[in-house]
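K.L.:
One structure follows; several queries about it will come next.
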Amino acid sequence: MVFTDIVFYVLAAILLFSGIRVITTRNPVHAALFLVLSFFTAAGIWLLLEAEFLAIALILVYVGAVMVLFLFVVMMLDINLDKLREGFWEYLPMAGFIGVLMVVEMTLVLADKNLQPSQAVELPANYSNTAALGKVLYTDYLLPFELAAVVLLVAMIAAIVLTLRERQDNKSMNPSEQVKVKRNDRLRIVSMPAEVEPPEQAPAPVAEEKK
């Protein structure tokens, strides 16, 4: 076992621990911080695989932008932790079964390629990780890339719809009712007689007293 394999297993153990702590810790701020640790550890694994672009993108995009937003939202919202954790342990057996099943499936798929003893790969001096990633992404994996973009778009629309759902304390509009509105419903002309104010009368002159 070479040194890179030892580093990989250490990072993998830290990644599993931090991922478990994300869903088991009671404090949402601590969960967000464990998620930051997970991202950093995953970036280290990407560096071992010589995918520097993915590692830097993971740190800059997720840790630098998304997680900062998560922390601000978590700290600004008044979250009821007891209500949030209701029913957590009831779904734990099913979640554990699904997690173990996913690990088994990924092991069966990747065992033949990636569970062999590691071998050093020599790359040319002018090798560009970003160019190689873009070439593979937009040629061999173009359809999965577009499907992932559609899934993210649907998730974004669903998040907006759930956020703007009709509530008692929120004013909302029904677009279908707005389209059905006619001109007479929006504007009504009423004939009213004009009211003219009488002209103001000048005050009568006061007679001067005779001396």
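Every chain in the structure tokens takes a letter, A first, then B, and so on in the order presented; its residues are numbered from 1, and the ligands are numbered from 1 following the presented order.
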Could you list, as a PyMOL selection string, every residue within 10 Å of Leu15 (chain A), counting only C-alpha atoms and ignoring same-chain residues fewer than 2 positions away?
P.N.:
chain A and resi 9-13+17-21+34-35+37-42+45
K.L.:
Might you pull out every residue within 12 Å of region 89-95 of chain A, with only C-alpha atoms counted and same-chain residues fewer than 6 positions away left off, and present them as a PyMOL selection string?
P.N.:
chain A and resi 23-24+101-102
K.L.:
Skipping near chain neighbours, those fewer than 6 positions away, what residues fall within 8 Å of region 129-131 of chain A using only C-alpha atoms, listed as a ChimeraX atom specification?
P.N.:
/A:50-53
K.L.:
From a DSSP calculation on the backbone, collect every residue of region 142-193 of chain A in helix (DSSP H, G or I) and output the set as a PyMOL selection string.
P.N.:
chain A and resi 142-163+175-179+183-186
K.L.:
Please produce a file of the residues just selected, as a PDB file, in the first residue's frame, where the atoms kept are N, CA and C atoms.
P.N.:
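File produced: part37.pdb:
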```pdb
ATOM      1  N   LEU A 142     -22.643  14.363 -22.761  1.00  0.00           N
ATOM      2  CA  LEU A 142     -23.467  15.536 -23.037  1.00  0.00           C
ATOM      3  C   LEU A 142     -24.912  15.321 -22.598  1.00  0.00           C
ATOM      4  N   LEU A 143     -25.492  14.158 -22.905  1.00  0.00           N
ATOM      5  CA  LEU A 143     -26.883  13.896 -22.537  1.00  0.00           C
ATOM      6  C   LEU A 143     -27.076  13.835 -21.014  1.00  0.00           C
ATOM      7  N   PRO A 144     -26.236  13.099 -20.256  1.00  0.00           N
ATOM      8  CA  PRO A 144     -26.392  13.157 -18.788  1.00  0.00           C
ATOM      9  C   PRO A 144     -26.201  14.562 -18.223  1.00  0.00           C
ATOM     10  N   PHE A 145     -25.307  15.354 -18.838  1.00  0.00           N
ATOM     11  CA  PHE A 145     -25.098  16.726 -18.377  1.00  0.00           C
ATOM     12  C   PHE A 145     -26.364  17.558 -18.577  1.00  0.00           C
ATOM     13  N   GLU A 146     -27.013  17.427 -19.725  1.00  0.00           N
ATOM     14  CA  GLU A 146     -28.243  18.171 -19.970  1.00  0.00           C
ATOM     15  C   GLU A 146     -29.379  17.681 -19.067  1.00  0.00           C
ATOM     16  N   LEU A 147     -29.447  16.370 -18.828  1.00  0.00           N
ATOM     17  CA  LEU A 147     -30.468  15.851 -17.916  1.00  0.00           C
ATOM     18  C   LEU A 147     -30.260  16.379 -16.497  1.00  0.00           C
ATOM     19  N   ALA A 148     -29.014  16.454 -16.070  1.00  0.00           N
ATOM     20  CA  ALA A 148     -28.737  17.015 -14.745  1.00  0.00           C
ATOM     21  C   ALA A 148     -29.139  18.487 -14.677  1.00  0.00           C
ATOM     22  N   ALA A 149     -28.920  19.230 -15.766  1.00  0.00           N
ATOM     23  CA  ALA A 149     -29.339  20.631 -15.794  1.00  0.00           C
ATOM     24  C   ALA A 149     -30.853  20.763 -15.699  1.00  0.00           C
ATOM     25  N   VAL A 150     -31.585  19.873 -16.382  1.00  0.00           N
ATOM     26  CA  VAL A 150     -33.054  19.902 -16.304  1.00  0.00           C
ATOM     27  C   VAL A 150     -33.529  19.560 -14.895  1.00  0.00           C
ATOM     28  N   VAL A 151     -32.894  18.563 -14.269  1.00  0.00           N
ATOM     29  CA  VAL A 151     -33.274  18.189 -12.898  1.00  0.00           C
ATOM     30  C   VAL A 151     -33.036  19.351 -11.939  1.00  0.00           C
ATOM     31  N   LEU A 152     -31.903  20.045 -12.088  1.00  0.00           N
ATOM     32  CA  LEU A 152     -31.631  21.197 -11.238  1.00  0.00           C
ATOM     33  C   LEU A 152     -32.634  22.325 -11.484  1.00  0.00           C
ATOM     34  N   LEU A 153     -33.040  22.514 -12.727  1.00  0.00           N
ATOM     35  CA  LEU A 153     -34.040  23.541 -13.033  1.00  0.00           C
ATOM     36  C   LEU A 153     -35.382  23.201 -12.387  1.00  0.00           C
ATOM     37  N   VAL A 154     -35.784  21.936 -12.475  1.00  0.00           N
ATOM     38  CA  VAL A 154     -37.040  21.517 -11.838  1.00  0.00           C
ATOM     39  C   VAL A 154     -36.958  21.684 -10.320  1.00  0.00           C
ATOM     40  N   ALA A 155     -35.801  21.353  -9.734  1.00  0.00           N
ATOM     41  CA  ALA A 155     -35.638  21.526  -8.290  1.00  0.00           C
ATOM     42  C   ALA A 155     -35.714  22.993  -7.899  1.00  0.00           C
ATOM     43  N   MET A 156     -35.142  23.875  -8.708  1.00  0.00           N
ATOM     44  CA  MET A 156     -35.199  25.297  -8.409  1.00  0.00           C
ATOM     45  C   MET A 156     -36.632  25.823  -8.492  1.00  0.00           C
ATOM     46  N   ILE A 157     -37.378  25.410  -9.521  1.00  0.00           N
ATOM     47  CA  ILE A 157     -38.769  25.834  -9.649  1.00  0.00           C
ATOM     48  C   ILE A 157     -39.602  25.293  -8.484  1.00  0.00           C
ATOM     49  N   ALA A 158     -39.357  24.041  -8.086  1.00  0.00           N
ATOM     50  CA  ALA A 158     -40.087  23.466  -6.964  1.00  0.00           C
ATOM     51  C   ALA A 158     -39.797  24.211  -5.663  1.00  0.00           C
ATOM     52  N   ALA A 159     -38.546  24.606  -5.466  1.00  0.00           N
ATOM     53  CA  ALA A 159     -38.213  25.369  -4.257  1.00  0.00           C
ATOM     54  C   ALA A 159     -38.921  26.717  -4.243  1.00  0.00           C
ATOM     55  N   ILE A 160     -38.996  27.370  -5.405  1.00  0.00           N
ATOM     56  CA  ILE A 160     -39.691  28.658  -5.472  1.00  0.00           C
ATOM     57  C   ILE A 160     -41.177  28.479  -5.218  1.00  0.00           C
ATOM     58  N   VAL A 161     -41.763  27.433  -5.788  1.00  0.00           N
ATOM     59  CA  VAL A 161     -43.199  27.190  -5.591  1.00  0.00           C
ATOM     60  C   VAL A 161     -43.507  26.877  -4.131  1.00  0.00           C
ATOM     61  N   LEU A 162     -42.667  26.057  -3.499  1.00  0.00           N
ATOM     62  CA  LEU A 162     -42.890  25.734  -2.095  1.00  0.00           C
ATOM     63  C   LEU A 162     -42.712  26.962  -1.207  1.00  0.00           C
ATOM     64  N   THR A 163     -41.793  27.836  -1.571  1.00  0.00           N
ATOM     65  CA  THR A 163     -41.586  29.042  -0.773  1.00  0.00           C
ATOM     66  C   THR A 163     -42.744  30.022  -0.915  1.00  0.00           C
ATOM     67  N   PRO A 175     -52.954  33.396 -11.282  1.00  0.00           N
ATOM     68  CA  PRO A 175     -52.797  33.852 -12.671  1.00  0.00           C
ATOM     69  C   PRO A 175     -53.982  33.499 -13.560  1.00  0.00           C
ATOM     70  N   SER A 176     -54.608  32.340 -13.333  1.00  0.00           N
ATOM     71  CA  SER A 176     -55.737  31.959 -14.186  1.00  0.00           C
ATOM     72  C   SER A 176     -56.911  32.922 -14.008  1.00  0.00           C
ATOM     73  N   GLU A 177     -57.145  33.381 -12.792  1.00  0.00           N
ATOM     74  CA  GLU A 177     -58.219  34.348 -12.569  1.00  0.00           C
ATOM     75  C   GLU A 177     -57.871  35.709 -13.174  1.00  0.00           C
ATOM     76  N   GLN A 178     -56.600  36.067 -13.169  1.00  0.00           N
ATOM     77  CA  GLN A 178     -56.203  37.330 -13.783  1.00  0.00           C
ATOM     78  C   GLN A 178     -56.408  37.311 -15.290  1.00  0.00           C
ATOM     79  N   VAL A 179     -56.154  36.157 -15.930  1.00  0.00           N
ATOM     80  CA  VAL A 179     -56.328  36.071 -17.379  1.00  0.00           C
ATOM     81  C   VAL A 179     -57.805  36.150 -17.763  1.00  0.00           C
ATOM     82  N   ARG A 183     -62.691  43.489 -19.585  1.00  0.00           N
ATOM     83  CA  ARG A 183     -62.488  44.927 -19.489  1.00  0.00           C
ATOM     84  C   ARG A 183     -63.490  45.570 -18.540  1.00  0.00           C
ATOM     85  N   ASN A 184     -64.727  45.077 -18.576  1.00  0.00           N
ATOM     86  CA  ASN A 184     -65.761  45.651 -17.705  1.00  0.00           C
ATOM     87  C   ASN A 184     -65.489  45.367 -16.231  1.00  0.00           C
ATOM     88  N   ASP A 185     -64.746  44.301 -15.954  1.00  0.00           N
ATOM     89  CA  ASP A 185     -64.423  44.009 -14.565  1.00  0.00           C
ATOM     90  C   ASP A 185     -63.346  44.928 -14.007  1.00  0.00           C
ATOM     91  N   ARG A 186     -62.527  45.449 -14.877  1.00  0.00           N
ATOM     92  CA  ARG A 186     -61.438  46.318 -14.426  1.00  0.00           C
ATOM     93  C   ARG A 186     -61.809  47.793 -14.429  1.00  0.00           C
TER      94      ARG A 186
END
```
K.L.:
Looking at A:Gly44, A:Val103, A:His30, A:Met192, which one is nearest to Thr4 (chain A), with distances taken over only C-alpha atoms?
P.N.:
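Closest residue, counting only C-alpha atoms: A:Gly44.
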K.L.:
CA of Asn27 (chain A) to CA of Ala55 (chain A): how many Å, to one decimal?
P.N.:
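Straight-line distance from CA of Asn27 (chain A) to CA of Ala55 (chain A) works out to 27.6 Å.
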K.L.:
Which residue is closest to Ala65 (chain A)? Choose from A:Val29, A:Val36, A:Ile14, A:Leu48 and count only C-alpha atoms.
P.N.:
A:Val36
K.L.:
Could you tell me how far CA of Leu33 (chain A) lies from CA of Leu69 (chain A), in Å and to one decimal?
P.N.:
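For CA of Leu33 (chain A) relative to CA of Leu69 (chain A), the distance reads 12.2 Å.
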K.L.:
How many Å lie between CA of Pro124 (chain A) and CA of Val61 (chain A), rounded to one decimal?
P.N.:
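Spanning CA of Pro124 (chain A) to CA of Val61 (chain A) is a straight-line distance of 28.6 Å.
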